[in-house]
Amino acid sequence: MNLKKPGILGYFDTMSGAESVAFARTVERLGYSVLWVPETFGRDPFVMATHLLNATDHIVVGTAIANVWKREAMAAGAAARTLAELFDDRFILGLGVSAGPFMIRNGLKYAKPVTYMRDYLAGIKTGPFKAPLPRHEPPVVIAGLLPRMLRLGAEASDGIITALMPPAQTARLRAELGPHRLLLAQQMVMLEDDANKARAGVRAFMRFYLNAPPYQRNFKAMGFSDDDLRAGGSDHLIDSIIAWGGERHLNERIAQHYAAGANHVYVIPLTAAGDRLPDMRVVEALAPH
């Protein structure tokens with residue numbers, strides 16, 4: 001599984017099934033290495049991954065992330081092994097605990113996330129699977145932004161998948177993870193040279209994250225202040241987290257993550273309108289081909 005080329009995350013809940021297939025085939029044709037599928041409270045990510053894998057020829061599909069509160073570890077492990085066997089070496093299982101208030105508001109439990117994730121990873125490894133095994137176990141990575149979850153990722157999984165972090169934090173995570181764990185870095189990008197339009201679009205998109213306690217704690221751990229989190233985020237925070245500008249600047253930010261030690265960088269192409277439909281201009285402009 002070669003992850004060196006960038007990947008793309010698509011918000012597939014904003015697309016029809018046919019649009020999702022067209023998007024996946026375009027991303028594969030342009031040479032991206034991984035197509036990442038998020039999970040909120042819409043489509044099931046494993047069903048969506050199956051649909052996309054079946055519609056493409058060689059691109060890897062990963063979950064970024066599958067929500068551990070929504071299914072038992074045995075079910076997640078069985079789904080991941082099934083996809084890894086049916087689509088040889090083309091699936092990555094990314095797991096995360098999301099944000100507590102958001103989970104509770106939508107009827108899910110949320111308690112002791114690090115302990116729960118530790119048990120969950122163990123359950124994936126030890127759960128019964130009485131079907132043909134994949135040639136290789138699918139990589140399992142976790143969203144580990146804060147220190148305890150990061151340590152768990154280094155100890156009990158294949159690595160870490162990040163969100164909303166600048167390259168300097170990628171370098172810090174690599175130092176803490178050591179050289180042998182996967183570090184998959186997220187970079188949101190916007191192809192927009194007008195600072196006012198770009199920042200307004202980013203603030204519309206970032207509203208949830210700036211009000212979610214886990215992300216607030218993570219921003220503060222990175223050195224941002226309470227003032228940076230107010231009023232939709234300061235220019236300093238917005239410009240540090242999201243790469244906006246011309247094609248050259250966006251490519252430079254991606255390269256900085258690789259230089260900082262990322263094994264893989266996956267891009268989320270935002271639009272200045274602040275919605276979640278992918279900006280195909282960005283997908284084309286940043287294509288590895």
# chains A, B, ... in the order shown; residues from 1 in each chain; ligands from 1
call {"tool": "closest_atom_pairs", "arguments": {"of": "region 208-267 of chain A", "to": "region 183-199 of chain A", "cutoff": "6 Å", "atoms": "only C-alpha atoms", "output": "tab-separated table"}}
result
residue	atom	partner	partner_atom	distance
A:Ile242	CA	A:Met188	CA	5.3
A:Ala243	CA	A:Val189	CA	4.7
A:Trp244	CA	A:Met190	CA	4.5
A:Gly245	CA	A:Asp193	CA	4.4
A:Gly246	CA	A:Leu191	CA	5.7
A:Ala262	CA	A:Leu183	CA	5.1
A:Asn263	CA	A:Leu183	CA	5.4
A:His264	CA	A:Leu184	CA	4.8
A:Val265	CA	A:Ala185	CA	4.7
A:Tyr266	CA	A:Gln186	CA	5.0
A:Val267	CA	A:Gln187	CA	5.0
call {"tool": "residues_around", "arguments": {"residues": "region 223-231 of chain A", "least_positions_apart": "3", "cutoff": "12 Å", "atoms": "only C-alpha atoms", "output": "MDAnalysis selection string"}}
result
chainID A and resid 165:166 168:169 199:200 203:204 206:213 215:220 234:241
call {"tool": "write_last_selection", "arguments": {"atoms": "C-alpha atoms", "output": "compact mmCIF listing (two decimals), in the first residue's frame"}}
result
# COMPACT_ATOMS: atom_id res chain seq x y z
CA MET A 165 -3.21 20.88 12.52
CA PRO A 166 -0.48 22.99 10.89
CA ALA A 168 4.59 22.42 12.95
CA GLN A 169 2.23 20.13 14.85
CA ARG A 199 -11.53 33.74 5.67
CA ALA A 200 -15.29 34.22 5.55
CA ARG A 203 -15.19 30.70 9.34
CA ALA A 204 -18.50 29.37 8.04
CA MET A 206 -15.14 26.04 11.12
CA ARG A 207 -18.14 27.04 13.25
CA PHE A 208 -18.67 23.50 14.58
CA TYR A 209 -15.00 22.89 15.37
CA LEU A 210 -14.47 26.18 17.17
CA ASN A 211 -17.41 25.38 19.46
CA ALA A 212 -16.59 21.72 20.15
CA PRO A 213 -14.71 21.25 23.47
CA TYR A 215 -11.17 20.82 19.32
CA GLN A 216 -11.03 23.86 21.60
CA ARG A 217 -8.69 21.96 23.93
CA ASN A 218 -6.57 20.91 20.98
CA PHE A 219 -6.30 24.44 19.59
CA LYS A 220 -5.22 25.68 23.03
CA SER A 234 -8.76 34.91 14.52
CA ASP A 235 -6.96 35.50 11.23
CA HIS A 236 -3.90 33.90 12.86
CA LEU A 237 -5.77 30.68 13.68
CA ILE A 238 -7.59 30.53 10.33
CA ASP A 239 -4.42 31.09 8.31
CA SER A 240 -2.42 28.59 10.38
CA ILE A 241 -4.94 25.77 10.11
call {"tool": "residues_around", "arguments": {"residues": "Asp88 (chain A)", "least_positions_apart": "6", "cutoff": "12 Å", "atoms": "only C-alpha atoms", "output": "PyMOL selection string"}}
result
chain A and resi 1+53-54+57-61+80-82+133-138
call {"tool": "write_last_selection", "arguments": {"atoms": "C-alpha atoms", "output": "tab-separated table (two decimals), in the first residue's frame"}}
result
chain	number	residue	atom	x	y	z
A	1	MET	CA	0.00	0.00	0.00
A	53	LEU	CA	-14.01	0.43	-3.96
A	54	ASN	CA	-16.31	-1.47	-6.29
A	57	ASP	CA	-9.76	-0.06	-9.84
A	58	HIS	CA	-6.80	0.62	-7.59
A	59	ILE	CA	-7.26	3.62	-5.30
A	60	VAL	CA	-7.19	2.93	-1.56
A	61	VAL	CA	-10.28	3.89	0.46
A	80	ALA	CA	-12.48	-3.87	7.84
A	81	ARG	CA	-11.24	-7.44	7.26
A	82	THR	CA	-14.01	-8.10	4.76
A	133	LEU	CA	-8.73	-13.63	5.94
A	134	PRO	CA	-7.19	-10.79	3.94
A	135	ARG	CA	-3.66	-11.25	2.67
A	136	HIS	CA	-2.63	-8.40	4.97
A	137	GLU	CA	-4.50	-7.06	7.98
A	138	PRO	CA	-5.92	-3.60	7.12
call {"tool": "closest_residue", "arguments": {"among": "A:Tyr32, A:Phe12, A:Tyr116, A:Phe46", "to": "Leu277 (chain A)", "atoms": "only C-alpha atoms"}}
result
A:Phe12
call {"tool": "residues_around", "arguments": {"residues": "Val97 (chain A)", "least_positions_apart": "6", "cutoff": "9 Å", "atoms": "only C-alpha atoms", "output": "PyMOL selection string"}}
result
chain A and resi 65-69+103+110+113-114+116-117+142-143
call {"tool": "closest_residue", "arguments": {"among": "A:Asp44, A:Asp279, A:Glu39, A:Glu72", "to": "Gly94 (chain A)", "atoms": "only C-alpha atoms"}}
result
A:Glu39
call {"tool": "select_by_dssp", "arguments": {"residues": "region 84-255 of chain A", "states": "strand (DSSP E)", "output": "PyMOL selection string"}}
result
chain A and resi 91-96+140-143+159-161+182-191+243-245
call {"tool": "atom_distance", "arguments": {"atom1": "CA of Lys125 (chain A)", "atom2": "CA of Met74 (chain A)"}}
result
8.6 Å
call {"tool": "residues_around", "arguments": {"residues": "Ile124 (chain A)", "least_positions_apart": "3", "cutoff": "9 Å", "atoms": "only C-alpha atoms", "output": "VMD selection string"}}
result
chain A and resid 72 to 78 119 to 121 127 to 128
call {"tool": "decode", "arguments": {"residues": "region 54-133 of chain A", "atoms": "C-alpha atoms", "output": "short mmCIF file (atom, residue, chain, number, x, y, z; two decimals), in the first residue's frame"}}
result
data_model
loop_
_atom_site.label_atom_id
_atom_site.label_comp_id
_atom_site.auth_asym_id
_atom_site.auth_seq_id
_atom_site.Cartn_x
_atom_site.Cartn_y
_atom_site.Cartn_z
CA ASN A 54 -16.31 -1.47 -6.29
CA ALA A 55 -16.54 1.54 -8.63
CA THR A 56 -12.76 2.05 -8.89
CA ASP A 57 -9.76 -0.06 -9.84
CA HIS A 58 -6.80 0.62 -7.59
CA ILE A 59 -7.26 3.62 -5.30
CA VAL A 60 -7.19 2.93 -1.56
CA VAL A 61 -10.28 3.89 0.46
CA GLY A 62 -10.11 4.79 4.15
CA THR A 63 -12.48 5.94 6.88
CA ALA A 64 -11.63 9.33 8.37
CA ILE A 65 -13.07 8.55 10.73
CA ALA A 66 -15.47 5.73 11.64
CA ASN A 67 -17.21 6.59 14.90
CA VAL A 68 -16.44 4.01 17.62
CA TRP A 69 -19.65 4.80 19.56
CA LYS A 70 -21.87 3.73 16.65
CA ARG A 71 -20.82 0.06 16.36
CA GLU A 72 -19.15 -2.66 18.40
CA ALA A 73 -15.44 -3.35 17.89
CA MET A 74 -16.21 -6.82 16.56
CA ALA A 75 -18.44 -5.33 13.85
CA ALA A 76 -15.84 -2.73 12.84
CA GLY A 77 -13.10 -5.36 12.72
CA ALA A 78 -15.20 -7.73 10.63
CA ALA A 79 -16.12 -4.94 8.19
CA ALA A 80 -12.48 -3.87 7.84
CA ARG A 81 -11.24 -7.44 7.26
CA THR A 82 -14.01 -8.10 4.76
CA LEU A 83 -13.07 -5.04 2.72
CA ALA A 84 -9.34 -5.82 2.95
CA GLU A 85 -9.95 -9.33 1.63
CA LEU A 86 -12.45 -8.40 -1.09
CA PHE A 87 -10.31 -5.46 -2.24
CA ASP A 88 -6.75 -6.58 -1.62
CA ASP A 89 -4.66 -3.97 0.23
CA ARG A 90 -7.11 -1.17 -0.58
CA PHE A 91 -8.71 -0.35 2.75
CA ILE A 92 -7.59 1.63 5.83
CA LEU A 93 -9.63 1.66 9.02
CA GLY A 94 -9.53 5.10 10.63
CA LEU A 95 -11.29 5.34 14.00
CA GLY A 96 -12.19 8.20 16.29
CA VAL A 97 -14.23 9.20 19.33
CA SER A 98 -15.55 12.51 17.90
CA ALA A 99 -16.86 15.17 20.31
CA GLY A 100 -18.72 14.23 23.48
CA PRO A 101 -21.56 16.82 23.43
CA PHE A 102 -22.23 16.03 19.76
CA MET A 103 -22.46 12.29 20.53
CA ILE A 104 -24.76 12.76 23.52
CA ARG A 105 -26.99 15.18 21.61
CA ASN A 106 -27.49 12.49 18.96
CA GLY A 107 -28.36 9.73 21.40
CA LEU A 108 -24.99 7.99 21.82
CA LYS A 109 -23.01 7.32 24.95
CA TYR A 110 -19.68 9.05 25.56
CA ALA A 111 -17.50 8.19 28.56
CA LYS A 112 -13.77 7.71 29.17
CA PRO A 113 -12.84 7.94 25.47
CA VAL A 114 -9.20 6.82 25.84
CA THR A 115 -10.14 3.75 27.89
CA TYR A 116 -12.96 2.95 25.48
CA MET A 117 -10.66 3.28 22.47
CA ARG A 118 -8.04 1.07 24.11
CA ASP A 119 -10.63 -1.67 24.66
CA TYR A 120 -12.02 -1.11 21.16
CA LEU A 121 -8.63 -1.64 19.50
CA ALA A 122 -8.13 -4.80 21.54
CA GLY A 123 -11.59 -6.01 20.51
CA ILE A 124 -10.79 -5.52 16.83
CA LYS A 125 -7.63 -7.60 17.18
CA THR A 126 -9.19 -10.45 19.18
CA GLY A 127 -12.74 -10.55 17.77
CA PRO A 128 -13.70 -13.73 15.91
CA PHE A 129 -13.71 -13.60 12.12
CA LYS A 130 -14.74 -16.94 10.56
CA ALA A 131 -14.32 -16.06 6.90
CA PRO A 132 -11.38 -15.90 4.46
CA LEU A 133 -8.73 -13.63 5.94
#
